[in-house]
$ cat work-v1.cif   # mmCIF, C-alpha atoms and all ligand atoms; chains and numbers go by the auth columns
data_coords
#
loop_
_atom_site.group_PDB
_atom_site.id
_atom_site.type_symbol
_atom_site.label_atom_id
_atom_site.label_comp_id
_atom_site.label_asym_id
_atom_site.label_seq_id
_atom_site.Cartn_x
_atom_site.Cartn_y
_atom_site.Cartn_z
_atom_site.B_iso_or_equiv
_atom_site.auth_seq_id
_atom_site.auth_asym_id
ATOM 1 C CA MET A 1 -1.773 -20.367 -26.157 0.00 1 A
ATOM 2 C CA LYS A 2 -3.818 -17.796 -24.244 0.00 2 A
ATOM 3 C CA ILE A 3 -1.800 -15.713 -21.797 0.00 3 A
ATOM 4 C CA ILE A 4 -3.681 -13.797 -19.126 0.00 4 A
ATOM 5 C CA VAL A 5 -1.742 -11.198 -17.197 0.00 5 A
ATOM 6 C CA GLY A 6 -3.167 -9.499 -14.127 0.00 6 A
ATOM 7 C CA GLN A 7 -5.962 -9.941 -11.661 0.00 7 A
ATOM 8 C CA LYS A 8 -9.328 -11.332 -12.749 0.00 8 A
ATOM 9 C CA ILE A 9 -11.075 -10.888 -9.378 0.00 9 A
ATOM 10 C CA PRO A 10 -12.487 -7.332 -9.332 0.00 10 A
ATOM 11 C CA HIS A 11 -12.212 -6.684 -5.578 0.00 11 A
ATOM 12 C CA GLN A 12 -8.920 -6.820 -3.741 0.00 12 A
ATOM 13 C CA VAL A 13 -8.219 -6.104 -0.074 0.00 13 A
ATOM 14 C CA VAL A 14 -4.682 -5.301 1.052 0.00 14 A
ATOM 15 C CA PHE A 15 -3.420 -5.885 4.616 0.00 15 A
ATOM 16 C CA ILE A 16 -0.670 -3.476 5.582 0.00 16 A
ATOM 17 C CA GLY A 17 1.115 -2.614 8.851 0.00 17 A
ATOM 18 C CA SER A 18 4.382 -2.832 10.738 0.00 18 A
ATOM 19 C CA PHE A 19 6.751 -5.758 10.684 0.00 19 A
ATOM 20 C CA GLY A 20 5.289 -8.784 12.490 0.00 20 A
ATOM 21 C CA VAL A 21 1.912 -7.246 13.327 0.00 21 A
ATOM 22 C CA GLY A 22 0.016 -10.195 11.812 0.00 22 A
ATOM 23 C CA LYS A 23 -0.687 -9.488 8.118 0.00 23 A
ATOM 24 C CA THR A 24 0.208 -12.997 6.908 0.00 24 A
ATOM 25 C CA THR A 25 -1.699 -14.493 9.859 0.00 25 A
ATOM 26 C CA ALA A 26 -4.797 -12.425 8.961 0.00 26 A
ATOM 27 C CA VAL A 27 -4.714 -13.493 5.298 0.00 27 A
ATOM 28 C CA GLN A 28 -4.284 -17.124 6.358 0.00 28 A
ATOM 29 C CA ALA A 29 -7.181 -16.858 8.817 0.00 29 A
ATOM 30 C CA LEU A 30 -9.557 -15.357 6.249 0.00 30 A
ATOM 31 C CA SER A 31 -8.633 -17.157 3.056 0.00 31 A
ATOM 32 C CA ASP A 32 -10.818 -19.946 1.689 0.00 32 A
ATOM 33 C CA THR A 33 -7.984 -21.084 -0.559 0.00 33 A
ATOM 34 C CA GLU A 34 -4.493 -22.200 0.321 0.00 34 A
ATOM 35 C CA VAL A 35 -2.463 -19.031 0.838 0.00 35 A
ATOM 36 C CA ILE A 36 0.541 -18.405 -1.367 0.00 36 A
ATOM 37 C CA THR A 37 3.291 -16.818 0.704 0.00 37 A
ATOM 38 C CA MET A 38 6.693 -15.389 -0.117 0.00 38 A
ATOM 39 C CA GLU A 39 8.752 -15.591 3.044 0.00 39 A
ATOM 40 C CA ALA A 40 12.447 -15.367 3.845 0.00 40 A
ATOM 41 C CA THR A 41 14.317 -16.077 7.065 0.00 41 A
ATOM 42 C CA ALA A 42 14.711 -12.911 9.143 0.00 42 A
ATOM 43 C CA VAL A 43 16.162 -13.924 12.492 0.00 43 A
ATOM 44 C CA LEU A 44 18.059 -10.685 13.116 0.00 44 A
ATOM 45 C CA GLU A 45 15.131 -8.477 12.123 0.00 45 A
ATOM 46 C CA ILE A 46 12.861 -10.402 14.500 0.00 46 A
ATOM 47 C CA LYS A 47 15.379 -10.090 17.336 0.00 47 A
ATOM 48 C CA ASN A 48 15.675 -6.330 16.759 0.00 48 A
ATOM 49 C CA ALA A 49 11.899 -5.863 16.636 0.00 49 A
ATOM 50 C CA LYS A 50 11.651 -7.544 20.079 0.00 50 A
ATOM 51 C CA LEU A 51 8.588 -9.562 19.154 0.00 51 A
ATOM 52 C CA MET A 52 8.399 -11.483 22.429 0.00 52 A
ATOM 53 C CA ASP A 53 5.055 -13.164 21.898 0.00 53 A
ATOM 54 C CA THR A 54 5.852 -14.991 18.673 0.00 54 A
ATOM 55 C CA LYS A 55 7.877 -17.902 17.361 0.00 55 A
ATOM 56 C CA LYS A 56 8.056 -16.186 13.978 0.00 56 A
ATOM 57 C CA THR A 57 11.293 -16.825 12.049 0.00 57 A
ATOM 58 C CA THR A 58 10.463 -15.366 8.620 0.00 58 A
ATOM 59 C CA THR A 59 9.246 -12.165 7.019 0.00 59 A
ATOM 60 C CA THR A 60 7.165 -11.515 3.896 0.00 60 A
ATOM 61 C CA ILE A 61 9.378 -10.335 1.043 0.00 61 A
ATOM 62 C CA GLY A 62 6.786 -10.226 -1.749 0.00 62 A
ATOM 63 C CA PHE A 63 3.169 -10.651 -0.765 0.00 63 A
ATOM 64 C CA ASP A 64 0.732 -13.205 0.618 0.00 64 A
ATOM 65 C CA TYR A 65 -2.167 -14.121 -1.619 0.00 65 A
ATOM 66 C CA GLY A 66 -5.475 -15.696 -0.636 0.00 66 A
ATOM 67 C CA GLU A 67 -9.117 -15.586 -1.728 0.00 67 A
ATOM 68 C CA PHE A 68 -12.221 -15.052 0.378 0.00 68 A
ATOM 69 C CA ASP A 69 -15.597 -16.333 -0.851 0.00 69 A
ATOM 70 C CA VAL A 70 -18.119 -13.562 -0.224 0.00 70 A
ATOM 71 C CA ASP A 71 -20.975 -15.355 -1.897 0.00 71 A
ATOM 72 C CA VAL A 72 -21.455 -18.088 -4.475 0.00 72 A
ATOM 73 C CA GLY A 73 -19.216 -17.135 -7.387 0.00 73 A
ATOM 74 C CA GLU A 74 -18.146 -13.881 -5.763 0.00 74 A
ATOM 75 C CA LYS A 75 -14.609 -13.671 -4.447 0.00 75 A
ATOM 76 C CA VAL A 76 -12.326 -11.071 -2.933 0.00 76 A
ATOM 77 C CA SER A 77 -8.574 -11.343 -3.296 0.00 77 A
ATOM 78 C CA LEU A 78 -6.603 -10.911 -0.099 0.00 78 A
ATOM 79 C CA TYR A 79 -3.064 -9.547 -0.165 0.00 79 A
ATOM 80 C CA GLY A 80 -0.701 -9.322 2.794 0.00 80 A
ATOM 81 C CA ILE A 81 2.170 -7.003 1.977 0.00 81 A
ATOM 82 C CA PRO A 82 5.518 -6.398 3.710 0.00 82 A
ATOM 83 C CA GLY A 83 5.708 -3.773 6.453 0.00 83 A
ATOM 84 C CA GLN A 84 9.245 -2.580 5.823 0.00 84 A
ATOM 85 C CA MET A 85 9.747 0.657 3.883 0.00 85 A
ATOM 86 C CA ARG A 86 12.260 -1.028 1.588 0.00 86 A
ATOM 87 C CA PHE A 87 9.332 -2.899 0.022 0.00 87 A
ATOM 88 C CA GLU A 88 7.493 0.315 -0.898 0.00 88 A
ATOM 89 C CA LYS A 89 7.415 -0.760 -4.542 0.00 89 A
ATOM 90 C CA VAL A 90 5.120 -3.658 -3.567 0.00 90 A
ATOM 91 C CA TRP A 91 2.772 -1.198 -1.823 0.00 91 A
ATOM 92 C CA ASP A 92 2.797 1.105 -4.839 0.00 92 A
ATOM 93 C CA ASN A 93 1.851 -1.743 -7.062 0.00 93 A
ATOM 94 C CA LEU A 94 -1.099 -2.981 -5.015 0.00 94 A
ATOM 95 C CA LEU A 95 -2.519 0.039 -3.144 0.00 95 A
ATOM 96 C CA PRO A 96 -3.807 2.092 -6.098 0.00 96 A
ATOM 97 C CA ARG A 97 -5.808 -0.759 -7.604 0.00 97 A
ATOM 98 C CA CYS A 98 -7.345 -2.360 -4.483 0.00 98 A
ATOM 99 C CA SER A 99 -10.889 -1.761 -3.185 0.00 99 A
ATOM 100 C CA GLY A 100 -9.969 -1.796 0.498 0.00 100 A
ATOM 101 C CA VAL A 101 -6.961 -1.458 2.776 0.00 101 A
ATOM 102 C CA VAL A 102 -6.788 -2.885 6.296 0.00 102 A
ATOM 103 C CA LEU A 103 -4.129 -1.307 8.493 0.00 103 A
ATOM 104 C CA LEU A 104 -3.122 -3.731 11.246 0.00 104 A
ATOM 105 C CA VAL A 105 -1.750 -2.142 14.411 0.00 105 A
ATOM 106 C CA PHE A 106 -0.258 -3.699 17.571 0.00 106 A
ATOM 107 C CA GLY A 107 -3.105 -3.220 20.082 0.00 107 A
ATOM 108 C CA ASN A 108 -0.808 -4.272 22.938 0.00 108 A
ATOM 109 C CA ASN A 109 1.659 -1.457 22.222 0.00 109 A
ATOM 110 C CA LYS A 110 1.009 1.582 24.426 0.00 110 A
ATOM 111 C CA ASN A 111 2.207 3.775 21.558 0.00 111 A
ATOM 112 C CA TYR A 112 -0.285 2.285 19.138 0.00 112 A
ATOM 113 C CA LEU A 113 -1.795 5.688 18.292 0.00 113 A
ATOM 114 C CA GLN A 114 1.627 6.969 17.190 0.00 114 A
ATOM 115 C CA GLU A 115 2.062 3.816 15.136 0.00 115 A
ATOM 116 C CA CYS A 116 -1.347 4.448 13.600 0.00 116 A
ATOM 117 C CA GLU A 117 -0.515 8.074 12.813 0.00 117 A
ATOM 118 C CA LYS A 118 2.760 7.118 11.132 0.00 118 A
ATOM 119 C CA TRP A 119 0.855 4.754 8.847 0.00 119 A
ATOM 120 C CA LEU A 120 -1.990 7.205 8.239 0.00 120 A
ATOM 121 C CA LYS A 121 0.547 9.738 6.944 0.00 121 A
ATOM 122 C CA ILE A 122 2.005 7.160 4.583 0.00 122 A
ATOM 123 C CA LEU A 123 -1.424 6.010 3.424 0.00 123 A
ATOM 124 C CA LYS A 124 -2.570 9.595 2.846 0.00 124 A
ATOM 125 C CA ARG A 125 0.424 10.065 0.556 0.00 125 A
ATOM 126 C CA LYS A 126 -0.593 6.865 -1.225 0.00 126 A
ATOM 127 C CA ASP A 127 -4.166 8.164 -1.616 0.00 127 A
ATOM 128 C CA SER A 128 -5.572 5.187 0.309 0.00 128 A
ATOM 129 C CA ILE A 129 -7.325 6.819 3.269 0.00 129 A
ATOM 130 C CA LYS A 130 -10.844 6.693 1.831 0.00 130 A
ATOM 131 C CA LYS A 131 -10.714 2.929 1.544 0.00 131 A
ATOM 132 C CA LEU A 132 -8.989 2.300 4.854 0.00 132 A
ATOM 133 C CA ALA A 133 -10.062 0.340 7.925 0.00 133 A
ATOM 134 C CA VAL A 134 -7.922 -0.039 11.057 0.00 134 A
ATOM 135 C CA ALA A 135 -7.710 -3.342 12.901 0.00 135 A
ATOM 136 C CA LEU A 136 -5.962 -3.927 16.217 0.00 136 A
ATOM 137 C CA THR A 137 -4.224 -7.245 16.836 0.00 137 A
ATOM 138 C CA ARG A 138 -3.300 -8.704 20.226 0.00 138 A
ATOM 139 C CA ILE A 139 -5.994 -6.990 22.294 0.00 139 A
ATOM 140 C CA PRO A 140 -8.128 -8.768 24.857 0.00 140 A
ATOM 141 C CA ASP A 141 -11.864 -8.674 23.917 0.00 141 A
ATOM 142 C CA ASP A 142 -12.712 -6.635 26.996 0.00 142 A
ATOM 143 C CA ASP A 143 -10.137 -3.857 26.430 0.00 143 A
ATOM 144 C CA GLU A 144 -12.881 -1.286 25.867 0.00 144 A
ATOM 145 C CA GLU A 145 -10.541 1.677 26.359 0.00 145 A
ATOM 146 C CA THR A 146 -8.225 0.801 23.458 0.00 146 A
ATOM 147 C CA ILE A 147 -11.211 -0.078 21.308 0.00 147 A
ATOM 148 C CA SER A 148 -13.025 3.211 21.960 0.00 148 A
ATOM 149 C CA VAL A 149 -9.906 5.321 21.341 0.00 149 A
ATOM 150 C CA CYS A 150 -9.566 3.559 18.020 0.00 150 A
ATOM 151 C CA ARG A 151 -13.218 4.271 17.175 0.00 151 A
ATOM 152 C CA GLU A 152 -12.620 7.966 17.862 0.00 152 A
ATOM 153 C CA LEU A 153 -9.636 7.888 15.545 0.00 153 A
ATOM 154 C CA GLN A 154 -11.874 6.429 12.874 0.00 154 A
ATOM 155 C CA LEU A 155 -14.329 9.328 13.237 0.00 155 A
ATOM 156 C CA ASN A 156 -11.640 12.029 13.393 0.00 156 A
ATOM 157 C CA GLN A 157 -9.777 10.767 10.387 0.00 157 A
ATOM 158 C CA ASN A 158 -12.915 10.019 8.413 0.00 158 A
ATOM 159 C CA LEU A 159 -11.798 6.465 7.747 0.00 159 A
ATOM 160 C CA PHE A 160 -13.903 3.923 5.954 0.00 160 A
ATOM 161 C CA GLY A 161 -14.356 1.911 9.149 0.00 161 A
ATOM 162 C CA THR A 162 -12.657 0.272 12.084 0.00 162 A
ATOM 163 C CA ILE A 163 -12.471 -3.488 12.177 0.00 163 A
ATOM 164 C CA LEU A 164 -11.519 -5.436 15.275 0.00 164 A
HETATM 165 N N1 LIG B . -1.386 -12.943 20.358 0.00 201 A
HETATM 166 C C1 LIG B . -1.581 -12.637 19.081 0.00 201 A
HETATM 167 N N2 LIG B . -0.641 -13.027 18.200 0.00 201 A
HETATM 168 C C2 LIG B . -0.863 -12.703 16.912 0.00 201 A
HETATM 169 C C3 LIG B . -2.000 -11.979 16.475 0.00 201 A
HETATM 170 N N3 LIG B . -1.906 -11.809 15.133 0.00 201 A
HETATM 171 C C4 LIG B . -0.743 -12.389 14.783 0.00 201 A
HETATM 172 N N4 LIG B . -0.127 -12.943 15.840 0.00 201 A
HETATM 173 C C5 LIG B . 1.151 -13.669 15.897 0.00 201 A
HETATM 174 O O1 LIG B . 2.169 -12.746 15.545 0.00 201 A
HETATM 175 C C6 LIG B . 3.017 -13.263 14.538 0.00 201 A
HETATM 176 C C7 LIG B . 2.767 -12.425 13.309 0.00 201 A
HETATM 177 O O2 LIG B . 3.389 -12.978 12.228 0.00 201 A
HETATM 178 P P1 LIG B . 2.986 -12.662 10.730 0.00 201 A
HETATM 179 O O3 LIG B . 1.557 -12.953 10.487 0.00 201 A
HETATM 180 O O4 LIG B . 4.015 -13.341 9.927 0.00 201 A
HETATM 181 O O5 LIG B . 3.195 -11.091 10.699 0.00 201 A
HETATM 182 P P2 LIG B . 3.351 -10.174 9.401 0.00 201 A
HETATM 183 O O6 LIG B . 2.708 -8.880 9.735 0.00 201 A
HETATM 184 O O7 LIG B . 2.885 -10.890 8.197 0.00 201 A
HETATM 185 O O8 LIG B . 4.933 -9.996 9.382 0.00 201 A
HETATM 186 P P3 LIG B . 5.876 -9.449 8.183 0.00 201 A
HETATM 187 O O9 LIG B . 5.335 -9.940 6.909 0.00 201 A
HETATM 188 O O10 LIG B . 7.213 -10.035 8.526 0.00 201 A
HETATM 189 O O11 LIG B . 5.874 -7.953 8.325 0.00 201 A
HETATM 190 C C8 LIG B . 2.634 -14.730 14.391 0.00 201 A
HETATM 191 O O12 LIG B . 3.460 -15.502 15.241 0.00 201 A
HETATM 192 C C9 LIG B . 1.188 -14.785 14.865 0.00 201 A
HETATM 193 O O13 LIG B . 0.862 -16.014 15.458 0.00 201 A
HETATM 194 C C10 LIG B . -2.987 -11.583 17.459 0.00 201 A
HETATM 195 O O14 LIG B . -4.006 -10.949 17.181 0.00 201 A
HETATM 196 N N5 LIG B . -2.702 -11.953 18.740 0.00 201 A
HETATM 197 MG MG MG B . 3.883 -11.297 6.435 0.00 202 A
#
$ encode --input "work-v1.cif" --output "structure tokens" --more "lines below"
Ligand SMILES: Nc1nc2c(ncn2[C@@H]2O[C@H](COP(=O)(O)OP(=O)(O)OP(=O)(O)O)[C@@H](O)[C@H]2O)c(=O)[nH]1
Ligand SMILES: [Mg+2]
Amino acid sequence: MKIIVGQKIPHQVVFIGSFGVGKTTAVQALSDTEVITMEATAVLEIKNAKLMDTKKTTTTIGFDYGEFDVDVGEKVSLYGIPGQMRFEKVWDNLLPRCSGVVLLVFGNNKNYLQECEKWLKILKRKDSIKKLAVALTRIPDDDEETISVCRELQLNQNLFGTIL
């Protein structure tokens, strides 16, 4: 019997960000394969986070896994990881070996820059800034102000790129 341990796809992208921001949703939207999810019921956590615009009842407690077909025969693995600090071990496992990190931020939160900065500090510590892109969820297409502030942040912080 041949046992293969580990990831055979060379490029992996990790989606990170606060609880409920949309990491699992993003992986599901992008994946060309059925997404494997590890979810547990989290009613209290959802109530405390005051996520008004969602019918969400669960939270990711391991990671989401999907695959995106870049080209014929060329795939990228997509990982959605939990946002809560208590799952830091999952971050530490996936962040060092991935090719790209997408930080998802609530674009409808007026304190989104503070949220971004909190995550940038964490991701600096994890040595992941050079492969980081920031993506805002929940913003209307025409919210040019939020979008341009985010672009400035990208330039100031020397990030890999900003994705919307
Ligand atoms: N309006 C809006 N809703 C969104 C957007 N992205 C995600 N959502 C909704 O917000 C909720 C996010 O849920 P998840 O995708 O489970 O969030 P998550 O970041 O994986 O959450 P945890 O794993 O629990 O940290 C879902 O109900 C989505 O439908 C967006 O861009 N706009
Ligand atoms: Mg999730």
$ axis_aligned_box --input "work-v1.cif" --around "ligand LIG 201 (chain A)" --padding-each-side "5 Å" --output "AutoDock Vina command-line options"
--center_x 1.6 --center_y -12.0 --center_z 13.6 --size_x 21.2 --size_y 18.1 --size_z 23.4
$ resolve_selection --input "work-v1.cif" --expression "the PyMOL selection byres (((not hetatm)) within 6 of (chain A and resi 201))" --output "list in words"
Ser18, Phe19, Gly20, Val21, Gly22, Lys23, Thr24, Thr25, Thr54, Lys55, Lys56, Thr59, Thr60, Pro82, Gly83, Thr137 and Arg138 of chain A
$ write_last_selection --input "work-v1.cif" --atoms "C-alpha atoms" --output "PDB file, keeping the file's coordinate frame"
ATOM      1  CA  SER A  18       4.382  -2.832  10.738  1.00  0.00           C
ATOM      2  CA  PHE A  19       6.751  -5.758  10.684  1.00  0.00           C
ATOM      3  CA  GLY A  20       5.289  -8.784  12.490  1.00  0.00           C
ATOM      4  CA  VAL A  21       1.912  -7.246  13.327  1.00  0.00           C
ATOM      5  CA  GLY A  22       0.016 -10.195  11.812  1.00  0.00           C
ATOM      6  CA  LYS A  23      -0.687  -9.488   8.118  1.00  0.00           C
ATOM      7  CA  THR A  24       0.208 -12.997   6.908  1.00  0.00           C
ATOM      8  CA  THR A  25      -1.699 -14.493   9.859  1.00  0.00           C
ATOM      9  CA  THR A  54       5.852 -14.991  18.673  1.00  0.00           C
ATOM     10  CA  LYS A  55       7.877 -17.902  17.361  1.00  0.00           C
ATOM     11  CA  LYS A  56       8.056 -16.186  13.978  1.00  0.00           C
ATOM     12  CA  THR A  59       9.246 -12.165   7.019  1.00  0.00           C
ATOM     13  CA  THR A  60       7.165 -11.515   3.896  1.00  0.00           C
ATOM     14  CA  PRO A  82       5.518  -6.398   3.710  1.00  0.00           C
ATOM     15  CA  GLY A  83       5.708  -3.773   6.453  1.00  0.00           C
ATOM     16  CA  THR A 137      -4.224  -7.245  16.836  1.00  0.00           C
ATOM     17  CA  ARG A 138      -3.300  -8.704  20.226  1.00  0.00           C
TER      18      ARG A 138
END
$ residues_around --input "work-v1.cif" --residues "Leu95 in chain A" --least-positions-apart "5" --cutoff "12 Å" --atoms "only C-alpha atoms" --output "number ranges by chain"
A: 12-16, 79-81, 88-90, 100-103, 122-132
$ closest_residue --input "work-v1.cif" --among "A:Tyr112, A:Phe106, A:Trp91, A:Tyr65" --to "Ser77 in chain A" --atoms "only C-alpha atoms"
A:Tyr65
$ residues_around --input "work-v1.cif" --residues "Val70 in chain A" --least-positions-apart "3" --cutoff "12 Å" --atoms "only C-alpha atoms" --output "number ranges by chain"
A: 9, 11-12, 30-32, 67, 73-78
$ resolve_selection --input "work-v1.cif" --expression "the PyMOL selection byres (((chain A and resi 57) around 6) and not hetatm)" --output "VMD selection string"
chain A and resid 41 to 43 56 58
$ write_last_selection --input "work-v1.cif" --atoms "C-alpha atoms" --output "CSV table (one decimal), in the coordinates of the input"
chain,number,residue,atom,x,y,z
A,41,THR,CA,14.3,-16.1,7.1
A,42,ALA,CA,14.7,-12.9,9.1
A,43,VAL,CA,16.2,-13.9,12.5
A,56,LYS,CA,8.1,-16.2,14.0
A,58,THR,CA,10.5,-15.4,8.6
$ closest_residue --input "work-v1.cif" --among "A:Glu39, A:Glu117, A:Asp69, A:Glu34" --to "ligand MG 202 (chain A)" --atoms "only C-alpha atoms and all ligand atoms"
A:Glu39
$ atom_distance --input "work-v1.cif" --atom1 "CA of Lys118 in chain A" --atom2 "CA of Val149 in chain A"
16.4 Å
$ closest_residue --input "work-v1.cif" --among "A:Lys121, A:Asp92, A:Leu155, A:Ala26" --to "Leu136 in chain A" --atoms "only C-alpha atoms"
A:Ala26
$ atom_distance --input "work-v1.cif" --atom1 "CA of Ile147 in chain A" --atom2 "CA of Ala135 in chain A"
9.7 Å
$ atom_distance --input "work-v1.cif" --atom1 "CA of Glu152 in chain A" --atom2 "CA of Ala29 in chain A"
27.0 Å
$ closest_residue --input "work-v1.cif" --among "A:Glu45, A:Asp64, A:Asp142, A:Asp53" --to "Gln84 in chain A" --atoms "only C-alpha atoms"
A:Glu45
$ resolve_selection --input "work-v1.cif" --expression "the PyMOL selection byres (((chain A and resi 153) around 12) and not hetatm)" --output "ChimeraX atom specification"
/A:112-114,116-117,120,133-135,146-152,154-162
$ closest_residue --input "work-v1.cif" --among "A:Leu104, A:Phe68, A:Pro96, A:Lys50" --to "ligand MG 202 (chain A)" --atoms "only C-alpha atoms and all ligand atoms"
A:Leu104
$ closest_residue --input "work-v1.cif" --among "A:Arg86, A:Leu94, A:Thr37, A:Asn109" --to "ligand MG 202 (chain A)" --atoms "all atoms listed in the file"
A:Thr37
